[in-house]
>>> print(open('target37.cif').read())   # mmCIF, N, CA and C atoms
data_run
#
loop_
_atom_site.label_atom_id
_atom_site.label_comp_id
_atom_site.auth_asym_id
_atom_site.auth_seq_id
_atom_site.Cartn_x
_atom_site.Cartn_y
_atom_site.Cartn_z
N THR R 1 -15.24 9.54 6.68
CA THR R 1 -14.47 8.44 6.12
C THR R 1 -13.36 8.06 7.07
N LEU R 2 -12.85 6.88 6.91
CA LEU R 2 -11.77 6.42 7.76
C LEU R 2 -10.46 7.12 7.43
N TYR R 3 -10.21 7.41 6.14
CA TYR R 3 -8.92 7.97 5.75
C TYR R 3 -9.04 9.43 5.38
N LYS R 4 -8.12 10.23 5.90
CA LYS R 4 -8.03 11.65 5.58
C LYS R 4 -6.79 11.82 4.70
N TYR R 5 -6.90 12.71 3.71
CA TYR R 5 -5.85 12.77 2.71
C TYR R 5 -4.96 14.01 2.80
N SER R 6 -5.11 14.85 3.82
CA SER R 6 -4.28 16.04 3.89
C SER R 6 -2.81 15.70 4.12
N SER R 7 -2.53 14.55 4.67
CA SER R 7 -1.12 14.16 4.86
C SER R 7 -0.67 13.16 3.79
N ALA R 8 -1.48 12.99 2.75
CA ALA R 8 -1.11 12.07 1.67
C ALA R 8 -0.11 12.73 0.73
N GLU R 9 0.69 11.91 0.10
CA GLU R 9 1.62 12.39 -0.92
C GLU R 9 0.84 12.61 -2.22
N PRO R 10 1.37 13.46 -3.12
CA PRO R 10 0.68 13.65 -4.40
C PRO R 10 0.64 12.34 -5.20
N PHE R 11 -0.31 12.25 -6.12
CA PHE R 11 -0.34 11.09 -7.01
C PHE R 11 0.98 11.00 -7.76
N GLN R 12 1.43 9.80 -7.97
CA GLN R 12 2.65 9.54 -8.74
C GLN R 12 2.24 8.68 -9.92
N ILE R 13 2.78 8.98 -11.09
CA ILE R 13 2.51 8.16 -12.27
C ILE R 13 3.81 7.49 -12.67
N ALA R 14 3.72 6.20 -12.97
CA ALA R 14 4.91 5.44 -13.37
C ALA R 14 4.62 4.65 -14.63
N ASN R 15 5.65 4.51 -15.45
CA ASN R 15 5.55 3.74 -16.68
C ASN R 15 6.70 2.73 -16.72
N TYR R 16 6.36 1.49 -17.05
CA TYR R 16 7.34 0.43 -17.20
C TYR R 16 7.22 -0.11 -18.61
N GLY R 17 8.25 0.06 -19.43
CA GLY R 17 8.25 -0.45 -20.78
C GLY R 17 8.65 -1.91 -20.81
N LEU R 18 8.96 -2.40 -21.99
CA LEU R 18 9.35 -3.80 -22.19
C LEU R 18 10.49 -4.18 -21.23
N GLY R 19 10.28 -5.22 -20.44
CA GLY R 19 11.27 -5.67 -19.47
C GLY R 19 11.25 -4.89 -18.17
N GLY R 20 10.46 -3.83 -18.11
CA GLY R 20 10.39 -2.99 -16.91
C GLY R 20 9.78 -3.75 -15.74
N GLN R 21 10.37 -3.55 -14.58
CA GLN R 21 9.89 -4.21 -13.36
C GLN R 21 10.27 -3.35 -12.17
N TYR R 22 9.73 -3.67 -11.01
CA TYR R 22 10.07 -2.96 -9.78
C TYR R 22 10.37 -4.01 -8.71
N SER R 23 11.54 -3.91 -8.13
CA SER R 23 11.97 -4.90 -7.14
C SER R 23 11.00 -4.97 -5.97
N GLN R 24 10.97 -6.12 -5.32
CA GLN R 24 10.11 -6.31 -4.15
C GLN R 24 10.50 -5.33 -3.06
N HIS R 25 9.49 -4.74 -2.44
CA HIS R 25 9.71 -3.71 -1.43
C HIS R 25 8.46 -3.55 -0.57
N MET R 26 8.60 -2.73 0.45
CA MET R 26 7.45 -2.29 1.25
C MET R 26 7.36 -0.78 1.08
N ASP R 27 6.17 -0.22 1.08
CA ASP R 27 6.00 1.21 0.85
C ASP R 27 6.36 2.10 2.05
N PRO R 28 6.14 1.68 3.30
CA PRO R 28 6.47 2.56 4.42
C PRO R 28 7.97 2.89 4.47
N HIS R 29 8.26 4.07 5.03
CA HIS R 29 9.65 4.49 5.20
C HIS R 29 10.32 3.76 6.36
N GLY R 30 9.54 3.25 7.28
CA GLY R 30 10.09 2.51 8.42
C GLY R 30 10.34 3.35 9.65
N TYR R 31 9.63 4.46 9.79
CA TYR R 31 9.83 5.34 10.94
C TYR R 31 9.73 4.60 12.27
N TRP R 32 8.67 3.83 12.46
CA TRP R 32 8.49 3.11 13.73
C TRP R 32 9.29 1.81 13.77
N ASP R 33 9.90 1.45 12.66
CA ASP R 33 10.77 0.27 12.62
C ASP R 33 12.21 0.64 12.94
N GLY R 34 12.48 1.94 13.22
CA GLY R 34 13.81 2.36 13.62
C GLY R 34 14.66 2.96 12.51
N VAL R 35 14.13 3.15 11.31
CA VAL R 35 14.90 3.79 10.24
C VAL R 35 15.07 5.25 10.59
N THR R 36 16.29 5.77 10.44
CA THR R 36 16.56 7.14 10.89
C THR R 36 16.84 8.13 9.76
N ASN R 37 17.17 7.67 8.57
CA ASN R 37 17.50 8.59 7.48
C ASN R 37 16.26 8.88 6.61
N ILE R 38 15.24 9.45 7.24
CA ILE R 38 13.96 9.71 6.57
C ILE R 38 13.84 11.20 6.29
N ASP R 39 13.35 11.53 5.10
CA ASP R 39 13.11 12.91 4.69
C ASP R 39 12.22 13.62 5.72
N PRO R 40 12.57 14.85 6.13
CA PRO R 40 11.76 15.57 7.13
C PRO R 40 10.29 15.74 6.74
N GLN R 41 10.00 15.93 5.45
CA GLN R 41 8.60 16.04 5.03
C GLN R 41 7.86 14.74 5.25
N ALA R 42 8.54 13.63 5.04
CA ALA R 42 7.91 12.32 5.28
C ALA R 42 7.61 12.14 6.77
N ILE R 43 8.46 12.66 7.62
CA ILE R 43 8.21 12.59 9.07
C ILE R 43 6.97 13.41 9.43
N MET R 44 6.81 14.59 8.79
CA MET R 44 5.63 15.42 9.06
C MET R 44 4.34 14.73 8.61
N ARG R 45 4.36 14.07 7.44
CA ARG R 45 3.18 13.37 6.93
C ARG R 45 2.91 12.10 7.71
N GLY R 46 3.97 11.55 8.26
CA GLY R 46 3.87 10.25 8.90
C GLY R 46 4.20 9.17 7.89
N ASP R 47 4.45 8.00 8.36
CA ASP R 47 4.80 6.91 7.47
C ASP R 47 3.64 6.60 6.51
N ARG R 48 3.94 5.89 5.46
CA ARG R 48 2.93 5.54 4.45
C ARG R 48 2.01 4.46 5.00
N MET R 49 0.88 4.90 5.55
CA MET R 49 -0.04 3.98 6.20
C MET R 49 -0.77 3.10 5.19
N ALA R 50 -1.14 3.67 4.06
CA ALA R 50 -1.92 2.92 3.07
C ALA R 50 -1.46 3.29 1.67
N THR R 51 -1.69 2.38 0.74
CA THR R 51 -1.36 2.58 -0.67
C THR R 51 -2.60 2.39 -1.51
N ILE R 52 -2.80 3.30 -2.46
CA ILE R 52 -3.84 3.17 -3.46
C ILE R 52 -3.12 3.12 -4.80
N MET R 53 -3.33 2.06 -5.58
CA MET R 53 -2.67 1.92 -6.88
C MET R 53 -3.73 1.63 -7.94
N VAL R 54 -3.66 2.34 -9.07
CA VAL R 54 -4.62 2.18 -10.15
C VAL R 54 -3.85 1.88 -11.44
N TYR R 55 -4.32 0.87 -12.16
CA TYR R 55 -3.74 0.54 -13.47
C TYR R 55 -4.36 1.45 -14.51
N LEU R 56 -3.54 2.18 -15.26
CA LEU R 56 -4.01 3.13 -16.25
C LEU R 56 -4.06 2.55 -17.66
N ALA R 57 -3.51 1.36 -17.85
CA ALA R 57 -3.50 0.73 -19.17
C ALA R 57 -3.43 -0.79 -18.99
N ASP R 58 -3.95 -1.49 -19.99
CA ASP R 58 -3.80 -2.95 -20.03
C ASP R 58 -2.36 -3.27 -20.40
N VAL R 59 -1.87 -4.40 -19.92
CA VAL R 59 -0.56 -4.91 -20.32
C VAL R 59 -0.82 -6.24 -21.02
N GLU R 60 -0.31 -6.39 -22.22
CA GLU R 60 -0.57 -7.61 -23.00
C GLU R 60 -0.03 -8.87 -22.33
N ALA R 61 1.14 -8.77 -21.76
CA ALA R 61 1.73 -9.91 -21.05
C ALA R 61 2.68 -9.41 -19.98
N GLY R 62 2.61 -10.02 -18.80
CA GLY R 62 3.47 -9.64 -17.68
C GLY R 62 2.93 -8.39 -16.99
N GLY R 63 3.78 -7.78 -16.15
CA GLY R 63 3.43 -6.53 -15.50
C GLY R 63 2.55 -6.63 -14.27
N ALA R 64 2.29 -7.84 -13.80
CA ALA R 64 1.44 -8.00 -12.61
C ALA R 64 2.14 -7.43 -11.38
N THR R 65 1.35 -7.14 -10.36
CA THR R 65 1.90 -6.76 -9.06
C THR R 65 1.75 -7.99 -8.16
N SER R 66 2.85 -8.40 -7.57
CA SER R 66 2.86 -9.64 -6.79
C SER R 66 3.16 -9.36 -5.33
N PHE R 67 2.40 -10.03 -4.45
CA PHE R 67 2.62 -9.98 -3.01
C PHE R 67 3.09 -11.38 -2.59
N PRO R 68 4.40 -11.65 -2.63
CA PRO R 68 4.89 -13.02 -2.41
C PRO R 68 4.56 -13.62 -1.05
N SER R 69 4.43 -12.80 -0.03
CA SER R 69 4.14 -13.33 1.31
C SER R 69 2.71 -13.86 1.43
N THR R 70 1.84 -13.43 0.52
CA THR R 70 0.44 -13.84 0.58
C THR R 70 0.03 -14.72 -0.59
N GLY R 71 0.85 -14.76 -1.65
CA GLY R 71 0.49 -15.51 -2.84
C GLY R 71 -0.46 -14.76 -3.76
N ILE R 72 -0.70 -13.48 -3.47
CA ILE R 72 -1.60 -12.68 -4.30
C ILE R 72 -0.83 -12.08 -5.47
N ARG R 73 -1.46 -12.15 -6.64
CA ARG R 73 -0.89 -11.58 -7.87
C ARG R 73 -1.99 -10.82 -8.57
N LEU R 74 -1.79 -9.51 -8.78
CA LEU R 74 -2.78 -8.66 -9.41
C LEU R 74 -2.40 -8.41 -10.86
N LYS R 75 -3.22 -8.88 -11.79
CA LYS R 75 -2.97 -8.68 -13.21
C LYS R 75 -3.21 -7.21 -13.55
N ALA R 76 -2.37 -6.65 -14.42
CA ALA R 76 -2.48 -5.25 -14.82
C ALA R 76 -3.61 -5.10 -15.84
N ARG R 77 -4.76 -4.57 -15.38
CA ARG R 77 -5.91 -4.33 -16.26
C ARG R 77 -6.39 -2.89 -16.08
N LYS R 78 -6.49 -2.18 -17.19
CA LYS R 78 -6.90 -0.78 -17.17
C LYS R 78 -8.17 -0.58 -16.34
N GLY R 79 -8.10 0.39 -15.42
CA GLY R 79 -9.25 0.72 -14.59
C GLY R 79 -9.32 -0.03 -13.27
N ASP R 80 -8.57 -1.12 -13.14
CA ASP R 80 -8.55 -1.85 -11.87
C ASP R 80 -7.74 -1.07 -10.84
N ALA R 81 -8.12 -1.19 -9.59
CA ALA R 81 -7.42 -0.50 -8.51
C ALA R 81 -7.16 -1.47 -7.37
N ALA R 82 -6.13 -1.20 -6.63
CA ALA R 82 -5.80 -1.99 -5.44
C ALA R 82 -5.58 -1.02 -4.28
N PHE R 83 -5.96 -1.46 -3.09
CA PHE R 83 -5.78 -0.67 -1.88
C PHE R 83 -5.28 -1.61 -0.81
N TRP R 84 -4.24 -1.21 -0.10
CA TRP R 84 -3.79 -2.03 1.02
C TRP R 84 -3.25 -1.14 2.14
N ILE R 85 -3.35 -1.66 3.35
CA ILE R 85 -2.87 -0.97 4.54
C ILE R 85 -1.46 -1.48 4.82
N ASN R 86 -0.50 -0.55 4.86
CA ASN R 86 0.91 -0.89 5.00
C ASN R 86 1.37 -1.08 6.44
N LEU R 87 0.65 -0.48 7.38
CA LEU R 87 1.11 -0.46 8.77
C LEU R 87 0.12 -1.16 9.68
N ARG R 88 0.65 -1.78 10.69
CA ARG R 88 -0.20 -2.29 11.77
C ARG R 88 -0.64 -1.08 12.60
N THR R 89 -1.61 -1.23 13.46
CA THR R 89 -2.10 -0.10 14.25
C THR R 89 -1.01 0.50 15.14
N SER R 90 0.05 -0.24 15.42
CA SER R 90 1.17 0.26 16.21
C SER R 90 2.07 1.18 15.41
N GLY R 91 1.91 1.22 14.08
CA GLY R 91 2.79 2.00 13.22
C GLY R 91 3.90 1.18 12.61
N ILE R 92 4.08 -0.04 13.06
CA ILE R 92 5.11 -0.94 12.51
C ILE R 92 4.65 -1.45 11.14
N GLY R 93 5.58 -1.55 10.20
CA GLY R 93 5.25 -2.04 8.86
C GLY R 93 4.71 -3.47 8.88
N ASP R 94 3.69 -3.71 8.07
CA ASP R 94 3.10 -5.06 7.94
C ASP R 94 3.85 -5.80 6.84
N LYS R 95 4.58 -6.81 7.21
CA LYS R 95 5.42 -7.56 6.26
C LYS R 95 4.60 -8.23 5.15
N LEU R 96 3.31 -8.44 5.36
CA LEU R 96 2.48 -9.05 4.33
C LEU R 96 2.28 -8.13 3.13
N THR R 97 2.61 -6.85 3.26
CA THR R 97 2.46 -5.91 2.15
C THR R 97 3.71 -5.84 1.27
N HIS R 98 4.68 -6.66 1.54
CA HIS R 98 5.89 -6.74 0.71
C HIS R 98 5.44 -7.10 -0.70
N HIS R 99 5.79 -6.27 -1.70
CA HIS R 99 5.29 -6.49 -3.06
C HIS R 99 6.29 -6.00 -4.10
N GLY R 100 6.04 -6.34 -5.34
CA GLY R 100 6.90 -5.89 -6.43
C GLY R 100 6.16 -5.98 -7.75
N GLY R 101 6.70 -5.28 -8.75
CA GLY R 101 6.12 -5.29 -10.09
C GLY R 101 6.84 -6.30 -10.96
N CYS R 102 6.11 -7.28 -11.48
CA CYS R 102 6.69 -8.31 -12.34
C CYS R 102 7.10 -7.69 -13.68
N PRO R 103 8.06 -8.30 -14.38
CA PRO R 103 8.53 -7.74 -15.66
C PRO R 103 7.40 -7.65 -16.70
N VAL R 104 7.43 -6.56 -17.46
CA VAL R 104 6.52 -6.40 -18.59
C VAL R 104 7.10 -7.21 -19.75
N LEU R 105 6.34 -8.17 -20.26
CA LEU R 105 6.81 -9.04 -21.35
C LEU R 105 6.39 -8.52 -22.72
N VAL R 106 5.17 -8.00 -22.81
CA VAL R 106 4.66 -7.42 -24.05
C VAL R 106 3.81 -6.21 -23.68
N GLY R 107 4.10 -5.07 -24.29
CA GLY R 107 3.33 -3.87 -24.03
C GLY R 107 4.03 -2.91 -23.09
N SER R 108 3.25 -2.10 -22.40
CA SER R 108 3.76 -1.07 -21.50
C SER R 108 2.82 -0.97 -20.31
N LYS R 109 3.36 -0.82 -19.13
CA LYS R 109 2.56 -0.74 -17.91
C LYS R 109 2.54 0.71 -17.43
N TRP R 110 1.33 1.23 -17.22
CA TRP R 110 1.13 2.56 -16.67
C TRP R 110 0.30 2.43 -15.40
N ILE R 111 0.80 3.02 -14.31
CA ILE R 111 0.06 3.01 -13.05
C ILE R 111 0.11 4.40 -12.42
N THR R 112 -0.82 4.63 -11.52
CA THR R 112 -0.73 5.79 -10.64
C THR R 112 -0.94 5.27 -9.23
N ASN R 113 -0.25 5.90 -8.30
CA ASN R 113 -0.46 5.50 -6.91
C ASN R 113 -0.44 6.72 -6.01
N LYS R 114 -1.01 6.53 -4.84
CA LYS R 114 -1.07 7.57 -3.82
C LYS R 114 -0.80 6.89 -2.49
N TRP R 115 0.04 7.51 -1.68
CA TRP R 115 0.32 6.99 -0.35
C TRP R 115 -0.35 7.88 0.68
N VAL R 116 -1.09 7.27 1.57
CA VAL R 116 -1.80 7.97 2.63
C VAL R 116 -0.91 8.00 3.87
N GLY R 117 -0.68 9.19 4.41
CA GLY R 117 0.20 9.34 5.56
C GLY R 117 -0.48 8.99 6.88
N TYR R 118 0.32 8.57 7.83
CA TYR R 118 -0.15 8.12 9.15
C TYR R 118 -0.58 9.28 10.05
N SER R 119 0.03 10.47 9.88
CA SER R 119 -0.18 11.57 10.82
C SER R 119 -1.65 11.95 10.99
N ASP R 120 -2.40 12.00 9.90
CA ASP R 120 -3.82 12.35 10.00
C ASP R 120 -4.70 11.17 10.40
N GLN R 121 -4.14 10.00 10.46
CA GLN R 121 -4.95 8.80 10.63
C GLN R 121 -4.93 8.21 12.03
N PHE R 122 -3.85 8.41 12.78
CA PHE R 122 -3.65 7.59 13.98
C PHE R 122 -4.77 7.68 14.99
N ARG R 123 -5.45 8.80 15.08
CA ARG R 123 -6.57 8.90 16.02
C ARG R 123 -7.81 8.16 15.51
N HIS R 124 -7.85 7.88 14.21
CA HIS R 124 -8.99 7.19 13.60
C HIS R 124 -8.67 5.73 13.30
N TYR R 125 -7.51 5.29 13.71
CA TYR R 125 -7.03 3.94 13.41
C TYR R 125 -6.53 3.32 14.71
N PRO R 126 -7.44 3.14 15.68
CA PRO R 126 -7.02 2.72 17.02
C PRO R 126 -6.58 1.25 17.09
N CYS R 127 -5.78 0.97 18.09
CA CYS R 127 -5.41 -0.42 18.36
C CYS R 127 -6.65 -1.16 18.83
N ASP R 128 -6.72 -2.42 18.54
CA ASP R 128 -7.87 -3.24 18.90
C ASP R 128 -7.46 -4.15 20.05
N ARG R 129 -8.26 -4.20 21.10
CA ARG R 129 -7.93 -5.04 22.25
C ARG R 129 -7.88 -6.51 21.89
N GLU R 130 -8.60 -6.91 20.83
CA GLU R 130 -8.62 -8.31 20.41
C GLU R 130 -7.42 -8.67 19.54
N GLY R 131 -6.59 -7.68 19.20
CA GLY R 131 -5.43 -7.95 18.36
C GLY R 131 -5.65 -7.46 16.95
N TYR R 132 -4.56 -7.32 16.24
CA TYR R 132 -4.57 -6.74 14.90
C TYR R 132 -5.49 -7.47 13.93
N GLU R 133 -5.46 -8.79 13.93
CA GLU R 133 -6.24 -9.55 12.96
C GLU R 133 -7.76 -9.48 13.22
N ALA R 134 -8.18 -9.11 14.41
CA ALA R 134 -9.60 -9.06 14.75
C ALA R 134 -10.37 -8.13 13.83
N ARG R 135 -9.74 -7.06 13.37
CA ARG R 135 -10.43 -6.11 12.51
C ARG R 135 -10.78 -6.69 11.16
N PHE R 136 -10.20 -7.85 10.80
CA PHE R 136 -10.47 -8.45 9.50
C PHE R 136 -11.49 -9.58 9.57
N LYS R 137 -12.05 -9.84 10.74
CA LYS R 137 -13.04 -10.92 10.88
C LYS R 137 -14.21 -10.73 9.94
N ARG R 138 -14.65 -9.50 9.76
CA ARG R 138 -15.80 -9.25 8.89
C ARG R 138 -15.51 -9.65 7.45
N PHE R 139 -14.24 -9.63 7.03
CA PHE R 139 -13.89 -10.04 5.68
C PHE R 139 -13.72 -11.55 5.58
N THR R 140 -13.07 -12.15 6.56
CA THR R 140 -12.81 -13.59 6.49
C THR R 140 -14.09 -14.40 6.61
N ALA R 141 -15.14 -13.83 7.16
CA ALA R 141 -16.41 -14.54 7.28
C ALA R 141 -16.93 -14.95 5.91
N TYR R 142 -16.57 -14.23 4.87
CA TYR R 142 -17.03 -14.55 3.51
C TYR R 142 -16.26 -15.71 2.91
N TYR R 143 -15.12 -16.06 3.46
CA TYR R 143 -14.25 -17.06 2.85
C TYR R 143 -14.23 -18.38 3.61
N GLN R 144 -15.00 -18.52 4.66
CA GLN R 144 -14.96 -19.74 5.45
C GLN R 144 -16.09 -20.66 5.13
#
>>> encode(input="target37.cif", output="structure tokens")
Amino acid sequence: TLYKYSSAEPFQIANYGLGGQYSQHMDPHGYWDGVTNIDPQAIMRGDRMATIMVYLADVEAGGATSFPSTGIRLKARKGDAAFWINLRTSGIGDKLTHHGGCPVLVGSKWITNKWVGYSDQFRHYPCDREGYEARFKRFTAYYQ
């Protein structure tokens, strides 16, 4: 497989009740972006290269996960999962992964997520001579 999980953080479970939301953010700690106040364990695992998020419950209204830089909005539906790569092959954070949890209007939002660390991945995630976006050509071919 492309991703190895020995440097991944444990699964985290989060609950957002009525009005609960999570401010827009990026998941990486910013190690290669020059952030210096990083937990030593996070340095050993490497920055958060990828995120896996699973919705554990339906939300009656609100609670979507929004990626404002891309216009993508994921509705909270039990059993749905999202996966995204947080870092460019250089280790620098990908600004397109900036995201946040929209307010829960009715119901309760339950999610679990796992962050995959860069340390076990960098040898399997090489830079591409054609540039970062070249690796996504196989996906964009379906949308043209």
>>> residues_around(input="target37.cif", residues="Ser7 (chain R)", least_positions_apart="3", cutoff="6 Å", atoms="all atoms listed in the file", output="list of chain:residue names")
R:Lys4, R:Arg45, R:Val116, R:Gly117, R:Asp120
>>> resolve_selection(input="target37.cif", expression="the PyMOL selection byres ((chain R and resi 70-83) around 7)", output="ChimeraX atom specification")
/R:50-59,62-69,84-85,96
>>> select_by_dssp(input="target37.cif", residues="region 47-104 of chain R", states="strand (DSSP E)", output="list in words")
Arg48, Met49, Ala50, Thr51, Ile52, Met53, Val54, Tyr55, Ala61, Gly62, Thr65, Ser66, Phe67, Ile72, Arg73, Leu74, Ala81, Ala82, Phe83, Trp84, Ile85, His99, Gly100, Gly101 and Val104 of chain R
>>> atom_distance(input="target37.cif", atom1="atom N of Gln12 (chain R)", atom2="atom N of Thr36 (chain R)")
24.0 Å
>>> atom_distance(input="target37.cif", atom1="CA of Asp94 (chain R)", atom2="CA of Gln21 (chain R)")
22.4 Å
>>> atom_distance(input="target37.cif", atom1="atom N of Gly107 (chain R)", atom2="atom N of Ala14 (chain R)")
16.0 Å
>>> resolve_selection(input="target37.cif", expression="the PyMOL selection byres ((chain R and resi 23) around 7)", output="list of chain:residue names")
R:Gln21, R:Tyr22, R:Gln24, R:His25, R:His99, R:Gly100, R:Gly101
>>> closest_residue(input="target37.cif", among="R:Ile43, R:Asn113, R:Arg88, R:Trp32", to="Glu9 (chain R)", atoms="only N, CA and C atoms")
R:Asn113
>>> resolve_selection(input="target37.cif", expression="the PyMOL selection byres ((chain R and resi 47) around 7)", output="list in words")
Asp27, Pro28, His29, Gly30, Tyr31, Ala42, Ile43, Met44, Arg45, Gly46, Arg48, Met49, Ala50, Val116, Gly117, Tyr118 and Ser119 of chain R
>>> closest_residue(input="target37.cif", among="R:Gln41, R:Lys114, R:Leu105, R:Ala8", to="Glu60 (chain R)", atoms="only N, CA and C atoms")
R:Leu105
>>> residues_around(input="target37.cif", residues="Leu18 (chain R)", least_positions_apart="2", cutoff="5 Å", atoms="only N, CA and C atoms", output="PyMOL selection string")
chain R and resi 16+20+104
>>> decode(input="target37.cif", residues="region 65-101 of chain R", atoms="C-alpha atoms", output="mmCIF file, in the first residue's frame")
data_model
loop_
_atom_site.group_PDB
_atom_site.id
_atom_site.type_symbol
_atom_site.label_atom_id
_atom_site.label_comp_id
_atom_site.auth_asym_id
_atom_site.auth_seq_id
_atom_site.Cartn_x
_atom_site.Cartn_y
_atom_site.Cartn_z
ATOM 1 C CA THR R 65 -17.149 19.731 6.800
ATOM 2 C CA SER R 66 -16.242 22.586 4.485
ATOM 3 C CA PHE R 67 -13.098 23.183 2.423
ATOM 4 C CA PRO R 68 -13.503 26.895 1.544
ATOM 5 C CA SER R 69 -10.491 27.071 -0.784
ATOM 6 C CA THR R 70 -12.011 24.415 -3.037
ATOM 7 C CA GLY R 71 -15.754 24.966 -2.572
ATOM 8 C CA ILE R 72 -16.166 21.385 -1.342
ATOM 9 C CA ARG R 73 -18.703 20.723 1.415
ATOM 10 C CA LEU R 74 -19.121 17.221 2.867
ATOM 11 C CA LYS R 75 -22.502 16.517 4.443
ATOM 12 C CA ALA R 76 -22.338 14.541 7.701
ATOM 13 C CA ARG R 77 -23.805 11.101 6.865
ATOM 14 C CA LYS R 78 -23.227 8.019 9.003
ATOM 15 C CA GLY R 79 -20.709 5.662 7.394
ATOM 16 C CA ASP R 80 -19.319 8.199 4.920
ATOM 17 C CA ALA R 81 -15.566 8.750 4.981
ATOM 18 C CA ALA R 82 -13.224 11.384 3.622
ATOM 19 C CA PHE R 83 -9.509 11.123 2.900
ATOM 20 C CA TRP R 84 -7.193 13.936 1.927
ATOM 21 C CA ILE R 85 -3.464 14.527 1.604
ATOM 22 C CA ASN R 86 -2.357 17.475 3.748
ATOM 23 C CA LEU R 87 1.190 17.934 2.460
ATOM 24 C CA ARG R 88 2.798 18.495 -0.878
ATOM 25 C CA THR R 89 5.603 16.059 -1.706
ATOM 26 C CA SER R 90 8.072 18.659 -0.364
ATOM 27 C CA GLY R 91 6.488 18.388 3.107
ATOM 28 C CA ILE R 92 4.983 21.887 2.906
ATOM 29 C CA GLY R 93 1.305 22.122 3.904
ATOM 30 C CA ASP R 94 -1.207 22.175 1.037
ATOM 31 C CA LYS R 95 -3.372 25.258 1.557
ATOM 32 C CA LEU R 96 -6.249 23.608 -0.341
ATOM 33 C CA THR R 97 -6.800 21.331 2.676
ATOM 34 C CA HIS R 98 -7.820 24.280 4.868
ATOM 35 C CA HIS R 99 -11.140 23.091 6.357
ATOM 36 C CA GLY R 100 -13.571 23.457 9.234
ATOM 37 C CA GLY R 101 -16.664 21.935 10.792
#
